[in-house]
file query15.txt (compact mmCIF, C-alpha atoms)
# COMPACT_ATOMS: atom_id res chain seq x y z
CA MET K 16 101.30 -12.84 162.53
CA GLU K 17 98.01 -12.24 164.27
CA ARG K 18 94.88 -11.75 162.27
CA MET K 19 92.98 -8.55 161.77
CA SER K 20 90.03 -7.80 164.05
CA PRO K 21 86.55 -9.09 163.12
CA VAL K 22 85.37 -5.54 162.36
CA VAL K 23 87.91 -5.16 159.56
CA ARG K 24 87.18 -8.59 158.14
CA THR K 25 83.41 -8.09 158.12
CA VAL K 26 83.57 -4.66 156.53
CA VAL K 27 85.86 -5.94 153.77
CA LYS K 28 83.51 -8.84 153.12
CA ILE K 29 80.54 -6.47 152.86
CA ALA K 30 82.28 -3.87 150.74
CA PHE K 31 83.82 -6.31 148.26
CA ALA K 32 80.80 -6.63 145.96
CA PRO K 33 79.94 -2.90 145.49
CA MET K 34 83.56 -2.01 144.85
CA PHE K 35 83.91 -4.79 142.31
CA ALA K 36 80.72 -3.64 140.59
CA PHE K 37 82.04 -0.07 140.45
CA GLY K 38 85.28 -1.19 138.84
CA ALA K 39 83.45 -3.38 136.33
CA TYR K 40 81.15 -0.45 135.48
CA ILE K 41 84.12 1.73 134.66
CA ILE K 42 85.67 -0.98 132.47
CA LEU K 43 82.47 -1.76 130.60
CA HIS K 44 81.42 1.83 129.86
CA GLY K 45 84.84 2.84 128.61
CA HIS K 46 83.57 4.22 125.32
CA LEU K 47 80.79 6.38 126.82
CA THR K 48 82.16 7.96 129.99
CA PRO K 49 85.71 8.73 131.12
CA GLY K 50 87.44 5.51 132.03
CA GLY K 51 88.37 2.37 130.19
CA GLY K 52 90.36 -0.77 130.66
CA PHE K 53 93.39 0.52 132.55
CA GLN K 54 91.51 2.70 135.01
CA GLY K 55 88.94 0.05 135.96
CA GLY K 56 91.66 -2.57 136.26
CA ALA K 57 93.59 -0.36 138.67
CA ILE K 58 90.49 0.06 140.84
CA ILE K 59 89.96 -3.67 141.15
CA GLY K 60 93.69 -4.19 141.70
CA SER K 61 93.60 -1.92 144.72
CA LEU K 62 90.54 -3.82 145.94
CA MET K 63 92.63 -6.99 145.85
CA ALA K 64 95.34 -5.23 147.86
CA LEU K 65 92.71 -4.37 150.49
CA TYR K 66 91.65 -8.01 150.57
CA LEU K 67 95.24 -9.04 151.12
CA VAL K 68 95.68 -6.62 154.04
CA ALA K 69 92.51 -7.84 155.75
CA PHE K 70 92.88 -11.57 155.29
CA GLY K 71 96.57 -12.33 154.92
CA ALA K 72 98.41 -13.64 151.91
CA THR K 73 97.51 -17.04 150.54
CA ALA K 74 98.67 -18.58 147.28
CA TRP K 75 95.28 -18.13 145.70
CA LYS K 76 94.91 -19.61 142.22
CA LYS K 77 98.13 -18.38 140.73
CA LYS K 78 97.82 -20.55 137.64
CA LEU K 79 94.34 -19.24 136.84
CA LEU K 80 95.43 -15.62 137.20
CA SER K 81 98.50 -16.21 135.06
CA GLY K 82 96.37 -17.80 132.36
CA LEU K 83 93.89 -14.90 132.47
CA GLU K 84 96.65 -12.36 132.07
CA SER K 85 98.17 -14.08 129.06
CA GLY K 86 94.72 -14.59 127.57
CA GLY K 87 93.89 -10.90 127.89
CA LEU K 88 97.02 -9.80 126.09
CA LEU K 89 96.52 -12.38 123.33
CA VAL K 90 92.91 -11.29 122.73
CA PHE K 91 94.06 -7.68 122.48
CA ILE K 92 96.77 -8.41 119.93
CA GLY K 93 94.55 -10.87 118.07
CA THR K 94 91.80 -8.28 117.64
CA GLY K 95 94.37 -5.92 116.21
CA ILE K 96 95.70 -8.50 113.76
CA LEU K 97 92.18 -9.52 112.71
CA GLY K 98 91.74 -6.01 111.37
CA LEU K 99 94.37 -6.82 108.74
CA VAL K 100 91.70 -8.82 106.89
CA SER K 101 89.96 -5.66 105.72
CA GLY K 102 92.82 -3.24 105.35
CA LEU K 103 94.86 -1.83 108.21
CA MET K 104 95.89 -3.14 111.58
CA PHE K 105 93.57 -2.15 114.47
CA TYR K 106 90.83 -1.51 111.94
CA ASN K 107 87.40 -1.25 113.49
CA PHE K 108 85.78 -4.08 111.58
CA LEU K 109 82.94 -4.54 114.08
CA ALA K 110 81.32 -1.10 113.73
CA ASP K 111 78.13 -1.16 111.61
CA SER K 112 78.76 -4.69 110.42
CA ASP K 113 76.77 -7.90 110.49
CA ILE K 114 78.73 -9.55 113.30
CA PRO K 115 76.42 -9.21 116.31
CA ILE K 116 79.03 -8.01 118.82
CA PHE K 117 79.06 -4.29 119.67
CA ASN K 118 77.87 -3.24 116.24
CA GLU K 119 75.36 -0.46 116.75
CA ALA K 120 76.00 2.96 115.28
CA VAL K 121 76.12 6.09 117.38
CA PRO K 122 72.79 7.87 116.83
CA THR K 123 72.92 11.52 115.88
CA MET K 124 70.45 14.07 117.13
CA LEU K 125 68.61 16.17 114.58
CA GLY K 126 70.13 19.58 114.14
CA TYR K 127 73.25 18.96 116.24
CA THR K 128 76.48 17.53 114.97
CA HIS K 129 78.26 16.45 118.07
CA SER K 130 76.24 16.02 121.22
CA ASN K 131 74.23 12.91 121.83
CA TRP K 132 73.85 9.94 124.07
CA ALA K 133 74.80 6.49 122.94
CA PRO K 134 73.73 3.06 124.11
CA LEU K 135 76.12 0.49 125.48
CA TRP K 136 76.21 -1.72 122.42
CA THR K 137 78.17 0.72 120.25
CA GLY K 138 81.90 0.84 120.05
CA GLY K 139 83.07 -1.94 117.77
CA THR K 140 86.47 -3.40 118.54
CA ILE K 141 87.13 -0.65 121.11
CA SER K 142 84.82 -2.32 123.64
CA VAL K 143 86.33 -5.75 123.03
CA MET K 144 89.81 -4.32 123.58
CA ASN K 145 88.61 -2.56 126.74
CA LEU K 146 87.45 -5.85 128.23
CA ALA K 147 90.66 -7.66 127.26
CA VAL K 148 92.92 -4.99 128.75
CA GLY K 149 90.75 -4.80 131.89
CA ILE K 150 91.10 -8.52 132.54
CA GLU K 151 94.83 -8.35 131.92
CA VAL K 152 95.39 -5.47 134.34
CA ILE K 153 93.25 -7.10 137.06
CA ALA K 154 95.16 -10.37 136.82
CA GLY K 155 98.55 -8.65 136.63
CA LEU K 156 98.10 -6.39 139.63
CA THR K 157 96.60 -9.21 141.72
CA LEU K 158 99.58 -11.42 140.91
CA ILE K 159 102.04 -8.71 141.93
CA VAL K 160 100.26 -8.08 145.22
CA ILE K 161 99.95 -11.78 146.11
CA THR K 162 103.60 -12.52 145.27
CA MET K 163 104.92 -9.61 147.32
CA GLY K 164 102.69 -10.54 150.23
CA LEU K 165 103.79 -14.17 150.20
CA PHE K 166 107.44 -13.14 150.03
CA ALA K 167 107.11 -10.73 152.92
CA PHE K 168 105.29 -13.15 155.22
CA GLU K 169 107.36 -16.19 154.39
CA GLY K 170 110.46 -15.13 156.28
CA LYS K 171 108.60 -14.34 159.49
CA GLU K 172 107.07 -17.76 159.94
CA GLY K 173 110.16 -19.64 158.81
CA GLY K 174 112.43 -17.65 161.12
CA MET V 23 134.42 10.60 145.19
CA ILE V 24 131.52 12.81 144.32
CA ASN V 25 130.97 15.30 147.12
CA ASN V 26 128.09 17.61 147.75
CA GLY V 27 129.42 20.49 145.69
CA PHE V 28 129.24 18.60 142.42
CA LYS V 29 125.75 17.35 143.19
CA LEU V 30 124.50 20.84 143.99
CA ALA V 31 126.07 22.27 140.84
CA ALA V 32 124.47 19.55 138.69
CA LEU V 33 121.09 20.11 140.29
CA LEU V 34 121.22 23.88 139.79
CA LEU V 35 122.35 23.45 136.21
CA LEU V 36 119.45 21.11 135.44
CA ALA V 37 116.95 23.36 137.20
CA GLY V 38 118.16 26.36 135.21
CA PHE V 39 117.98 24.45 131.95
CA LEU V 40 114.44 23.26 132.65
CA THR V 41 113.28 26.76 133.60
CA PHE V 42 114.77 28.23 130.44
CA ALA V 43 113.13 25.55 128.30
CA VAL V 44 109.73 26.05 129.89
CA TRP V 45 109.96 29.84 129.64
CA ASN V 46 110.26 29.75 125.88
CA LEU V 47 107.58 27.15 125.30
CA ARG V 48 104.43 28.13 123.52
CA GLU V 49 101.89 30.11 125.47
CA PHE V 50 99.82 28.17 127.98
CA GLY V 51 96.39 27.45 126.57
CA GLU V 52 96.95 28.35 122.95
CA PRO V 53 97.64 25.22 120.95
CA GLY V 54 98.22 25.50 117.24
CA GLU V 55 95.30 26.65 115.20
CA LYS V 56 93.95 24.87 112.19
CA ALA V 57 96.41 24.93 109.36
CA ASP V 58 95.46 27.46 106.71
CA ASN V 59 97.33 26.08 103.76
CA ASP V 60 96.04 23.07 101.91
CA VAL V 61 98.15 20.35 100.37
CA VAL V 62 97.60 20.09 96.63
CA LEU V 63 98.61 16.89 94.85
CA TYR V 64 99.06 16.91 91.12
CA ASN V 65 98.42 13.81 89.09
CA ALA V 66 100.53 13.96 85.94
CA GLU V 67 98.74 11.18 84.07
CA ASP V 68 95.20 12.56 84.16
CA ASN V 69 96.20 16.21 84.62
CA THR V 70 93.96 16.49 87.69
CA THR V 71 94.65 17.97 91.10
CA LEU V 72 93.53 16.66 94.47
CA THR V 73 93.25 19.03 97.41
CA LEU V 74 93.73 17.59 100.88
CA ASP V 75 92.32 19.63 103.70
CA ARG V 76 94.88 19.76 106.51
CA THR V 77 93.48 20.55 109.91
CA ALA V 78 95.09 20.23 113.29
CA MET V 79 95.39 16.66 114.49
CA ASP V 80 93.34 16.93 117.66
CA ASP V 81 90.47 18.71 115.93
CA PHE V 82 90.37 15.90 113.38
CA MET V 83 90.21 13.35 116.18
CA LEU V 84 87.43 15.25 117.94
CA ASP V 85 85.43 15.63 114.75
CA HIS V 86 85.63 12.04 113.60
CA SER V 87 85.56 9.95 116.74
CA GLN V 88 81.85 9.28 116.47
CA ASP V 89 81.85 7.98 112.90
CA GLY V 90 80.55 4.54 112.20
CA SER V 91 80.87 3.41 108.62
CA SER V 92 80.58 6.01 105.92
CA THR V 93 79.40 5.96 102.33
CA ASP V 94 81.88 8.54 101.10
CA GLU V 95 84.87 7.24 99.15
CA ASP V 96 87.38 9.78 100.37
CA VAL V 97 86.97 8.91 104.03
CA LEU V 98 88.10 5.64 105.60
CA GLU V 99 85.25 3.21 105.83
CA ASN V 100 84.90 2.65 109.57
CA GLY V 101 85.59 5.20 112.27
CA PRO V 102 86.00 4.55 115.97
CA SER V 103 82.27 5.03 116.69
CA ALA V 104 82.83 5.92 120.34
CA ASN V 105 81.49 8.85 122.32
CA ASN V 106 84.69 9.18 124.30
CA ALA V 107 87.38 10.91 122.27
CA VAL V 108 90.19 9.81 124.60
CA THR V 109 89.25 6.13 124.24
CA ALA V 110 89.05 6.57 120.48
CA VAL V 111 92.55 8.01 120.46
CA VAL V 112 93.99 5.36 122.78
CA PHE V 113 92.50 2.29 121.15
CA ASP V 114 91.92 3.26 117.55
CA TYR V 115 94.13 6.06 116.29
CA ARG V 116 97.09 5.16 118.52
CA GLY V 117 96.56 1.45 119.00
CA PHE V 118 100.23 0.54 118.68
CA ASP V 119 101.16 2.58 121.74
CA THR V 120 98.55 0.74 123.79
CA MET V 121 99.82 -2.59 122.51
CA GLY V 122 103.35 -1.69 123.61
CA GLU V 123 102.08 -0.54 126.98
CA ALA V 124 100.16 -3.76 127.62
CA THR V 125 103.28 -5.73 126.72
CA VAL V 126 105.42 -3.67 129.12
CA LEU V 127 102.94 -4.35 131.92
CA PHE V 128 103.02 -8.06 131.12
CA ALA V 129 106.83 -8.07 131.12
CA ALA V 130 106.96 -6.27 134.48
CA VAL V 131 104.57 -8.76 136.09
CA SER V 132 106.67 -11.62 134.72
CA GLY V 133 109.83 -10.01 136.11
CA VAL V 134 108.30 -9.68 139.57
CA LEU V 135 107.16 -13.31 139.53
CA VAL V 136 110.63 -14.52 138.53
CA SER V 137 112.52 -12.42 141.10
CA LEU V 138 110.45 -13.33 144.12
CA ARG V 139 110.44 -17.08 143.89
CA ILE V 140 110.36 -18.80 147.25
CA ALA V 141 113.20 -21.29 147.57
CA LEU V 142 112.18 -24.85 148.20
CA PRO V 143 113.60 -26.60 151.30
CA PRO V 144 116.75 -28.62 150.56
CA LYS V 145 116.10 -32.10 149.32
CA GLU V 146 116.85 -35.31 151.22
CA LYS V 147 119.76 -36.44 149.06
CA LYS V 148 122.32 -34.71 151.30
CA GLY V 149 121.45 -37.08 154.12
CA GLY V 150 123.20 -39.99 152.43
CA ASP V 151 126.65 -38.37 152.53
CA ALA V 152 127.15 -38.70 156.24
CA MET W 14 106.01 35.42 130.43
CA LEU W 15 103.50 35.43 133.25
CA SER W 16 101.34 33.05 131.30
CA ASN W 17 103.77 30.16 131.63
CA ILE W 18 103.50 29.84 135.41
CA PRO W 19 101.73 26.41 135.30
CA TYR W 20 104.85 25.04 133.65
CA LEU W 21 106.97 26.35 136.53
CA VAL W 22 104.99 24.16 138.93
CA VAL W 23 105.98 21.18 136.81
CA VAL W 24 109.62 22.24 136.94
CA ALA W 25 109.38 22.54 140.74
CA LEU W 26 108.09 18.95 141.02
CA MET W 27 110.88 17.64 138.81
CA VAL W 28 113.56 19.54 140.73
CA ILE W 29 112.31 18.16 144.05
CA GLY W 30 112.40 14.64 142.61
CA LEU W 31 115.93 15.17 141.33
CA TYR W 32 117.03 16.53 144.70
CA ILE W 33 115.79 13.41 146.45
CA ILE W 34 117.55 11.13 143.97
CA LEU W 35 120.86 12.98 144.31
CA PHE W 36 121.05 13.66 148.02
CA LYS W 37 119.31 10.88 149.93
CA ARG W 38 120.89 7.51 150.62
CA ASN W 39 118.08 5.27 151.78
CA LEU W 40 116.85 2.96 149.02
CA ILE W 41 113.15 3.47 149.70
CA LYS W 42 113.58 7.23 149.56
CA LEU W 43 115.26 6.73 146.20
CA ALA W 44 112.19 4.89 144.92
CA MET W 45 109.99 7.73 146.16
CA GLY W 46 112.15 10.27 144.32
CA ILE W 47 111.88 8.36 141.05
CA THR W 48 108.09 8.18 141.44
CA LEU W 49 107.95 11.94 142.08
CA LEU W 50 109.97 12.63 138.93
CA GLU W 51 107.60 10.51 136.87
CA THR W 52 104.63 12.34 138.40
CA GLY W 53 106.15 15.61 137.30
CA VAL W 54 106.44 14.37 133.73
CA ASN W 55 102.80 13.24 133.69
CA LEU W 56 101.68 16.63 134.97
CA PHE W 57 103.64 18.30 132.20
CA LEU W 58 101.86 16.20 129.58
CA ILE W 59 98.44 17.12 130.98
CA THR W 60 99.35 20.81 131.18
CA LEU W 61 100.00 20.79 127.45
CA ALA W 62 96.38 19.80 126.75
CA TYR W 63 94.69 22.99 127.96
CA ARG W 64 92.85 25.27 125.61
CA HIS W 65 91.45 28.72 126.33
CA GLY W 66 87.77 29.16 125.81
CA GLU W 67 84.63 30.46 127.41
CA VAL W 68 83.16 27.05 128.13
CA LEU W 69 85.69 24.23 128.30
CA HIS W 70 84.59 20.61 128.28
CA ALA W 71 86.43 17.37 128.72
CA PRO W 72 86.75 15.56 125.37
CA VAL W 73 83.78 13.24 126.00
CA PHE W 74 80.49 13.64 124.15
CA THR W 75 77.61 13.23 126.57
CA SER W 76 74.05 14.40 126.18
CA MET W 77 74.84 18.03 126.77
CA ILE W 78 73.70 20.73 124.40
CA LEU W 79 76.63 22.47 122.74
CA ARG W 80 76.70 26.23 122.28
CA ASN W 81 78.66 28.12 119.72
CA ASP W 82 81.67 28.88 121.88
CA THR W 83 82.30 25.50 123.48
CA THR W 84 85.80 24.21 123.19
CA PHE W 85 87.13 20.82 124.02
CA SER W 86 90.54 20.15 125.47
CA LEU W 87 92.92 18.17 123.32
CA PRO W 88 92.55 14.39 123.67
CA THR W 89 96.00 13.26 122.51
CA PRO W 90 98.06 14.29 125.58
CA HIS W 91 95.54 12.49 127.80
CA ALA W 92 96.22 9.28 125.87
CA LEU W 93 99.99 9.71 126.21
CA THR W 94 99.63 10.35 129.95
CA LEU W 95 97.69 7.10 130.40
CA THR W 96 100.51 5.13 128.83
CA SER W 97 103.09 6.94 130.94
CA ILE W 98 101.27 6.23 134.20
CA VAL W 99 101.05 2.50 133.49
CA ILE W 100 104.73 2.32 132.61
CA GLY W 101 105.54 4.16 135.85
CA VAL W 102 103.59 1.55 137.81
CA ALA W 103 105.51 -1.26 136.10
CA THR W 104 108.88 0.37 136.79
CA THR W 105 108.06 1.01 140.46
CA ALA W 106 106.92 -2.58 140.99
CA LEU W 107 110.15 -4.01 139.58
CA LEU W 108 112.30 -1.52 141.51
CA LEU W 109 110.67 -2.36 144.83
CA THR W 110 111.02 -6.09 144.09
CA PHE W 111 114.76 -5.72 143.66
CA PHE W 112 115.06 -3.71 146.85
CA MET W 113 113.12 -6.35 148.78
CA GLN W 114 115.36 -9.12 147.48
CA LEU W 115 118.50 -7.10 148.28
CA TYR W 116 117.41 -6.60 151.86
CA ARG W 117 116.48 -10.22 152.36
CA LYS W 118 119.69 -11.66 150.97
CA PHE W 119 122.46 -9.15 151.72
CA LYS W 120 121.02 -6.94 154.51
CA VAL W 121 121.48 -3.83 152.34
CA SER W 122 119.30 -0.77 152.95
CA THR W 123 121.40 2.25 151.90
CA THR W 124 123.46 3.01 148.85
CA ASP W 125 126.67 2.96 150.90
CA ASP W 126 126.06 -0.71 151.76
CA LEU W 127 125.29 -1.29 148.09
CA ARG W 128 128.69 0.06 147.13
CA ARG W 129 130.34 -2.31 149.57
CA LEU W 130 128.89 -5.27 147.66
CA ARG W 131 130.81 -4.45 144.52
CA GLY W 132 133.65 -6.73 143.44
call {"tool": "encode", "arguments": {"input": "query15.txt", "output": "structure tokens"}}
result
Amino acid sequence: MERMSPVVRTVVKIAFAPMFAFGAYIILHGHLTPGGGFQGGAIIGSLMALYLVAFGATAWKKKLLSGLESGGLLVFIGTGILGLVSGLMFYNFLADSDIPIFNEAVPTMLGYTHSNWAPLWTGGTISVMNLAVGIEVIAGLTLIVITMGLFAFEGKEGG
Amino acid sequence: MINNGFKLAALLLLAGFLTFAVWNLREFGEPGEKADNDVVLYNAEDNTTLTLDRTAMDDFMLDHSQDGSSTDEDVLENGPSANNAVTAVVFDYRGFDTMGEATVLFAAVSGVLVSLRIALPPKEKKGGDA
Amino acid sequence: MLSNIPYLVVVALMVIGLYIILFKRNLIKLAMGITLLETGVNLFLITLAYRHGEVLHAPVFTSMILRNDTTFSLPTPHALTLTSIVIGVATTALLLTFFMQLYRKFKVSTTDDLRRLRG
């Protein structure tokens, strides 16, 4: 299987960082703008598919990706179960509390009830769950793409 | 054997059923209004009544998705405290659906990894049976 | 009756998907038909979330100034559509994996060849 031309490889190398930053922006600001964990994870998953098309399939760190995927799902379920301490499951125990992770309150503008801006550090457990689901979707889609690519190219070289 | 006549009849039957169902759905763009009857609970021990204000579900989620913690006793202590109502619905009011969805994605990735295993080359122990 | 025309578009998508599943024999075309049917269902869920109003906003609070007649679209069908899309992706990935393995091992690429494998 011959390689892709140098133009394709150079453009993918240059465009990798801005596209990754765009996907991470959508994951991180999931509670302020439209987006969230699943959408940002799908963007970075398609970036990994582009990388596979340009550079060929290699068995790249499958154990690390598998560990990241399991870790993401466990953090998500663990955050839900931790809410059982103060009442219900998936209870937002980080909003307006003393734990210094994502605990600011959404500021309200004088005279209006519903329209305001909000800084990044609000959100409570929603932001933590966004990050966990984003990591899980990135690792899962990358694993699928790498496995299918390895399976498709394995028969051609072996004959 | 199933020939083309049966397939066409089944397809037309399903298309007609779907069109009839969609025709009699509620009008496009007019979801249910806020409910105009309140639920009144009667406490027989103290002889007091408690009135719950029933609004439509989506209006409740739009009104309360920016709440942090509250000092009122009737309301739940901590709200979602997010500016995005869709994220508040997905991760806070309907968190179990998202948990099930993340598990389905994990199971699908595991299924793909199991099905596409590359077979190892045969071992050397067959060489001794010559 | 004329106000339900957006739902008829959804029915058209689903009928086209069903036609592909019933009448085409190639396995990859079958996968495309299933994906089209799932797309129709997602579009139906989003069509349910519309609300009439003079000024209609997406259900996200930004720093805009609200007037008296602003309405927001309903956020719950958007959440259900997100879940449905992810499950569609998972189903399509598994389906294509099985078709790849079938072709590699048994040289099967239509449903007629698949029937021959039985028994």
call {"tool": "residues_around", "arguments": {"input": "query15.txt", "residues": "Gly133 (chain V)", "least_positions_apart": "6", "cutoff": "12 Å", "atoms": "only C-alpha atoms", "output": "list in words"}}
result
Gly155, Leu158, Ile159 and Thr162 of chain K; Val126, Leu127 and Arg139 of chain V; Ala103, Thr104, Thr105, Ala106, Leu107, Leu108, Leu109, Thr110 and Phe111 of chain W
call {"tool": "residues_near_point", "arguments": {"input": "query15.txt", "point": "(88.9, -3.0, 132.1)", "cutoff": "10 Å", "atoms": "only C-alpha atoms", "output": "JSON, numbers by chain"}}
result
{"K": [38, 39, 40, 41, 42, 43, 44, 45, 50, 51, 52, 53, 54, 55, 56, 57, 58, 59, 142, 143, 144, 145, 146, 147, 148, 149, 150, 151, 152, 153]}
call {"tool": "closest_residue", "arguments": {"input": "query15.txt", "among": "W:Arg131, W:Leu56, W:Gly66, W:Thr124", "to": "Lys37 (chain W)", "atoms": "all atoms listed in the file"}}
result
W:Thr124
call {"tool": "closest_atom_pairs", "arguments": {"input": "query15.txt", "of": "chain W", "to": "chain K", "cutoff": "6 Å", "atoms": "all atoms listed in the file", "output": "JSON lines"}}
result
{"residue": "W:Phe74", "atom": "CA", "partner": "K:Ser130", "partner_atom": "CA", "distance": 5.7}
{"residue": "W:Thr75", "atom": "CA", "partner": "K:Trp132", "partner_atom": "CA", "distance": 5.6}
{"residue": "W:Ser76", "atom": "CA", "partner": "K:Asn131", "partner_atom": "CA", "distance": 4.6}
call {"tool": "atom_distance", "arguments": {"input": "query15.txt", "atom1": "CA of Val73 (chain W)", "atom2": "CA of Val108 (chain V)"}}
result
7.4 Å
call {"tool": "interface_residues", "arguments": {"input": "query15.txt", "of": "chain V", "to": "chain W", "cutoff": "6 Å", "atoms": "all atoms listed in the file", "output": "JSON, numbers by chain"}}
result
{"V": [50, 51, 52, 80, 105, 106, 107, 108, 112, 127, 130, 134]}
call {"tool": "atom_distance", "arguments": {"input": "query15.txt", "atom1": "CA of Ala69 (chain K)", "atom2": "CA of Glu17 (chain K)"}}
result
11.1 Å
call {"tool": "atom_distance", "arguments": {"input": "query15.txt", "atom1": "CA of Tyr64 (chain V)", "atom2": "CA of Ala78 (chain V)"}}
result
22.8 Å
call {"tool": "closest_residue", "arguments": {"input": "query15.txt", "among": "K:Val27, K:Leu89, K:Val100, K:Ile114", "to": "chain V", "atoms": "only C-alpha atoms"}}
result
K:Leu89
call {"tool": "closest_atom_pairs", "arguments": {"input": "query15.txt", "of": "chain V", "to": "chain K", "cutoff": "10 Å", "atoms": "all atoms listed in the file", "output": "Markdown table"}}
result
| residue | atom | partner | partner_atom | distance |
| --- | --- | --- | --- | --- |
| V:Leu84 | CA | K:His129 | CA | 9.2 |
| V:Asp85 | CA | K:His129 | CA | 7.9 |
| V:His86 | CA | K:His129 | CA | 9.7 |
| V:Ser87 | CA | K:His129 | CA | 9.9 |
| V:Gln88 | CA | K:Val121 | CA | 6.6 |
| V:Asp89 | CA | K:Val121 | CA | 7.5 |
| V:Gly90 | CA | K:Ala120 | CA | 5.7 |
| V:Ser91 | CA | K:Asp111 | CA | 6.1 |
| V:Ser92 | CA | K:Asp111 | CA | 9.5 |
| V:Leu98 | CA | K:Tyr106 | CA | 9.9 |
| V:Glu99 | CA | K:Asn107 | CA | 9.1 |
| V:Asn100 | CA | K:Asn107 | CA | 6.1 |
| V:Gly101 | CA | K:Asn107 | CA | 6.8 |
| V:Pro102 | CA | K:Asn107 | CA | 6.5 |
| V:Ser103 | CA | K:Gly138 | CA | 5.4 |
| V:Ala104 | CA | K:Gly138 | CA | 5.2 |
| V:Asn105 | CA | K:Leu47 | CA | 5.2 |
| V:Asn106 | CA | K:His46 | CA | 5.2 |
| V:Ala107 | CA | K:His46 | CA | 8.3 |
| V:Val108 | CA | K:Pro49 | CA | 8.0 |
| V:Thr109 | CA | K:His46 | CA | 6.1 |
| V:Ala110 | CA | K:Ile141 | CA | 7.5 |
| V:Val112 | CA | K:Ile141 | CA | 9.3 |
| V:Phe113 | CA | K:Ile141 | CA | 6.1 |
| V:Asp114 | CA | K:Phe105 | CA | 6.4 |
| V:Tyr115 | CA | K:Phe105 | CA | 8.4 |
| V:Arg116 | CA | K:Phe105 | CA | 9.1 |
| V:Gly117 | CA | K:Phe105 | CA | 6.5 |
| V:Phe118 | CA | K:Phe105 | CA | 8.3 |
| V:Thr120 | CA | K:Val148 | CA | 9.4 |
| V:Met121 | CA | K:Ile92 | CA | 7.1 |
| V:Ala124 | CA | K:Leu88 | CA | 7.0 |
| V:Thr125 | CA | K:Leu88 | CA | 7.5 |
| V:Leu127 | CA | K:Gly155 | CA | 7.7 |
| V:Phe128 | CA | K:Gly155 | CA | 7.1 |
| V:Ala129 | CA | K:Gly155 | CA | 10.0 |
| V:Ala130 | CA | K:Gly155 | CA | 9.0 |
| V:Val131 | CA | K:Gly155 | CA | 6.0 |
| V:Ser132 | CA | K:Gly155 | CA | 8.9 |
| V:Gly133 | CA | K:Ile159 | CA | 9.8 |
| V:Val134 | CA | K:Ile159 | CA | 6.8 |
| V:Leu135 | CA | K:Thr162 | CA | 6.8 |
| V:Val136 | CA | K:Thr162 | CA | 9.9 |
| V:Ser137 | CA | K:Thr162 | CA | 9.8 |
| V:Leu138 | CA | K:Phe166 | CA | 6.6 |
| V:Arg139 | CA | K:Phe166 | CA | 7.9 |
| V:Ile140 | CA | K:Phe166 | CA | 6.9 |
call {"tool": "closest_residue", "arguments": {"input": "query15.txt", "among": "K:Met34, K:Trp136, K:Ile96, K:Pro115", "to": "Leu65 (chain K)", "atoms": "all atoms listed in the file"}}
result
K:Met34
call {"tool": "build_atoms", "arguments": {"input": "query15.txt", "residues": "region 23-34 of chain W", "atoms": "N, CA and C atoms", "output": "mmCIF file, in the frame of the given file"}}
result
data_model
loop_
_atom_site.group_PDB
_atom_site.id
_atom_site.type_symbol
_atom_site.label_atom_id
_atom_site.label_comp_id
_atom_site.auth_asym_id
_atom_site.auth_seq_id
_atom_site.Cartn_x
_atom_site.Cartn_y
_atom_site.Cartn_z
ATOM 1 N N VAL W 23 105.459 22.461 137.266
ATOM 2 C CA VAL W 23 105.980 21.180 136.810
ATOM 3 C C VAL W 23 107.490 21.107 137.028
ATOM 4 N N VAL W 24 108.172 22.219 136.740
ATOM 5 C CA VAL W 24 109.620 22.240 136.940
ATOM 6 C C VAL W 24 109.954 22.091 138.415
ATOM 7 N N ALA W 25 109.127 22.669 139.299
ATOM 8 C CA ALA W 25 109.380 22.540 140.740
ATOM 9 C C ALA W 25 109.267 21.077 141.181
ATOM 10 N N LEU W 26 108.231 20.370 140.683
ATOM 11 C CA LEU W 26 108.090 18.950 141.020
ATOM 12 C C LEU W 26 109.304 18.151 140.568
ATOM 13 N N MET W 27 109.757 18.418 139.333
ATOM 14 C CA MET W 27 110.880 17.640 138.810
ATOM 15 C C MET W 27 112.157 17.943 139.575
ATOM 16 N N VAL W 28 112.342 19.198 140.007
ATOM 17 C CA VAL W 28 113.560 19.540 140.730
ATOM 18 C C VAL W 28 113.560 18.906 142.110
ATOM 19 N N ILE W 29 112.376 18.824 142.744
ATOM 20 C CA ILE W 29 112.310 18.160 144.050
ATOM 21 C C ILE W 29 112.619 16.677 143.903
ATOM 22 N N GLY W 30 112.100 16.050 142.847
ATOM 23 C CA GLY W 30 112.400 14.640 142.610
ATOM 24 C C GLY W 30 113.883 14.416 142.370
ATOM 25 N N LEU W 31 114.501 15.302 141.601
ATOM 26 C CA LEU W 31 115.930 15.170 141.330
ATOM 27 C C LEU W 31 116.756 15.391 142.590
ATOM 28 N N TYR W 32 116.305 16.289 143.459
ATOM 29 C CA TYR W 32 117.030 16.530 144.700
ATOM 30 C C TYR W 32 117.023 15.280 145.574
ATOM 31 N N ILE W 33 115.875 14.609 145.627
ATOM 32 C CA ILE W 33 115.790 13.410 146.450
ATOM 33 C C ILE W 33 116.693 12.318 145.885
ATOM 34 N N ILE W 34 116.724 12.188 144.553
ATOM 35 C CA ILE W 34 117.550 11.130 143.970
ATOM 36 C C ILE W 34 119.024 11.402 144.218
#
